[in-house]
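Worksheet: one structure, shown below.
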Amino acid sequence: MQTLRVRDDHRVQDRPEDVAALRRALDEARAAGDSGEVPIGAVVVDASGTVIGVGRNEREATNDPTSHAEVVALRAAGAALGDWRLEGCTLAVTLEPCPMCAWSSARGTRTTVLPDPCGTCCATAV
Ligand SMILES: [Zn+2]
């Protein structure tokens with residue numbers, strides 16, 4: 001199991017599948033912001049690079065405090081695969097995951113986070 005959180009590390013963004021997933025996550029973040037949610041988006045891709053889960057913050061719309069973008073995307077991916085473990089999958093998210101989301105994605109899923117605009121963060125591997 002490896003969870004990789006990348007901040008201010010452009011090597012990972014050079015991977016075409018990461019770039020595509022992060023762009024899709026940004027689209028979801030914009031849509032969340034347009035609908036009055038905190039603008040965070042997330043996408044789960046399988047090992048072949050196919051999108052299997054998409055999410056955006058939905059706490060206001062659902063009145064569910066766990067409806068973070070990452071959790072929404074992870075639920076969709078688990079349902080699509082028929083397996084909650086999500087082995088070999090990548091979670092692309094527009095913001096460093098909170099502890100709940102980090103824990104939820106920690107098993108078998110690699111996490112790619114957009115670089116922090118402030119450029120003060122660094123890459124970490126857990
Ligand atoms: Zn979260």
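Letters A, B, ... mark the chains of the structure tokens in the order given; residue numbers begin at 1 per chain; ligand numbers begin at 1, in order shown.
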
Query raised in the report: Counting only C-alpha atoms and all ligand atoms, which protein, DNA or RNA residues come within 12 Å of ligand 1, given as JSON, numbers by chain?
Result: {"A": [38, 40, 41, 42, 55, 56, 57, 58, 59, 65, 66, 67, 68, 69, 70, 71, 72, 73, 74, 93, 94, 95, 96, 97, 98, 99, 100, 101, 102, 103, 104, 105]}

Requested in this report: Any chance you could list, as a VMD selection string, the residues in range 48-122 of chain A that come up strand (DSSP E or B) when DSSP is run on the backbone?
Outcome: chain A and resid 51 to 56 89 to 93 109 to 113

Could you save the residues just selected, with N, CA and C atoms, as a PDB file, in the first residue's frame?
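Final output, part.pdb:
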```
ATOM      1  N   VAL A  51     -11.173   6.763 -15.799  1.00  0.00           N
ATOM      2  CA  VAL A  51     -11.886   7.408 -14.700  1.00  0.00           C
ATOM      3  C   VAL A  51     -12.996   6.478 -14.216  1.00  0.00           C
ATOM      4  N   ILE A  52     -12.956   6.155 -12.927  1.00  0.00           N
ATOM      5  CA  ILE A  52     -13.981   5.262 -12.366  1.00  0.00           C
ATOM      6  C   ILE A  52     -14.754   5.922 -11.228  1.00  0.00           C
ATOM      7  N   GLY A  53     -14.350   7.131 -10.840  1.00  0.00           N
ATOM      8  CA  GLY A  53     -15.082   7.827  -9.794  1.00  0.00           C
ATOM      9  C   GLY A  53     -14.810   9.322  -9.863  1.00  0.00           C
ATOM     10  N   VAL A  54     -15.860  10.110  -9.773  1.00  0.00           N
ATOM     11  CA  VAL A  54     -15.749  11.564  -9.821  1.00  0.00           C
ATOM     12  C   VAL A  54     -16.535  12.118  -8.650  1.00  0.00           C
ATOM     13  N   GLY A  55     -15.976  13.145  -7.996  1.00  0.00           N
ATOM     14  CA  GLY A  55     -16.703  13.733  -6.880  1.00  0.00           C
ATOM     15  C   GLY A  55     -16.396  15.196  -6.701  1.00  0.00           C
ATOM     16  N   ARG A  56     -17.318  15.862  -6.069  1.00  0.00           N
ATOM     17  CA  ARG A  56     -17.139  17.261  -5.674  1.00  0.00           C
ATOM     18  C   ARG A  56     -17.776  17.407  -4.312  1.00  0.00           C
ATOM     19  N   CYS A  89      -5.383   2.057  -7.832  1.00  0.00           N
ATOM     20  CA  CYS A  89      -6.072   3.265  -8.309  1.00  0.00           C
ATOM     21  C   CYS A  89      -5.351   4.526  -7.828  1.00  0.00           C
ATOM     22  N   THR A  90      -5.651   5.623  -8.501  1.00  0.00           N
ATOM     23  CA  THR A  90      -5.104   6.929  -8.127  1.00  0.00           C
ATOM     24  C   THR A  90      -6.241   7.878  -7.831  1.00  0.00           C
ATOM     25  N   LEU A  91      -6.131   8.573  -6.718  1.00  0.00           N
ATOM     26  CA  LEU A  91      -7.079   9.623  -6.362  1.00  0.00           C
ATOM     27  C   LEU A  91      -6.421  10.966  -6.647  1.00  0.00           C
ATOM     28  N   ALA A  92      -7.021  11.734  -7.551  1.00  0.00           N
ATOM     29  CA  ALA A  92      -6.533  13.084  -7.846  1.00  0.00           C
ATOM     30  C   ALA A  92      -7.462  14.064  -7.170  1.00  0.00           C
ATOM     31  N   VAL A  93      -6.898  14.966  -6.405  1.00  0.00           N
ATOM     32  CA  VAL A  93      -7.723  15.894  -5.633  1.00  0.00           C
ATOM     33  C   VAL A  93      -7.095  17.289  -5.661  1.00  0.00           C
ATOM     34  N   THR A 109      -4.560   3.024  -2.626  1.00  0.00           N
ATOM     35  CA  THR A 109      -4.817   4.116  -3.554  1.00  0.00           C
ATOM     36  C   THR A 109      -3.708   5.148  -3.460  1.00  0.00           C
ATOM     37  N   ARG A 110      -3.189   5.533  -4.600  1.00  0.00           N
ATOM     38  CA  ARG A 110      -2.198   6.601  -4.648  1.00  0.00           C
ATOM     39  C   ARG A 110      -2.955   7.918  -4.752  1.00  0.00           C
ATOM     40  N   THR A 111      -2.543   8.902  -4.011  1.00  0.00           N
ATOM     41  CA  THR A 111      -3.236  10.190  -4.009  1.00  0.00           C
ATOM     42  C   THR A 111      -2.344  11.247  -4.639  1.00  0.00           C
ATOM     43  N   THR A 112      -2.880  11.937  -5.634  1.00  0.00           N
ATOM     44  CA  THR A 112      -2.160  13.016  -6.293  1.00  0.00           C
ATOM     45  C   THR A 112      -2.890  14.313  -6.022  1.00  0.00           C
ATOM     46  N   VAL A 113      -2.183  15.286  -5.505  1.00  0.00           N
ATOM     47  CA  VAL A 113      -2.776  16.559  -5.114  1.00  0.00           C
ATOM     48  C   VAL A 113      -2.164  17.657  -5.961  1.00  0.00           C
TER      49      VAL A 113
END
```

Report task. Rank A:Ala106, A:Glu87, A:Ala76, A:Ala61 by their smallest atom-to-atom distance to Gly33 in chain A, using only C-alpha atoms, and report the top residue only. Result -> A:Ala61

Report summary line: CA of Leu86 in chain A sits from CA of Asp46 in chain A at a separation of 7.8 Å

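From CA of Val45 in chain A back to CA of Gly82 in chain A, the distance works out to 14.3 Å.
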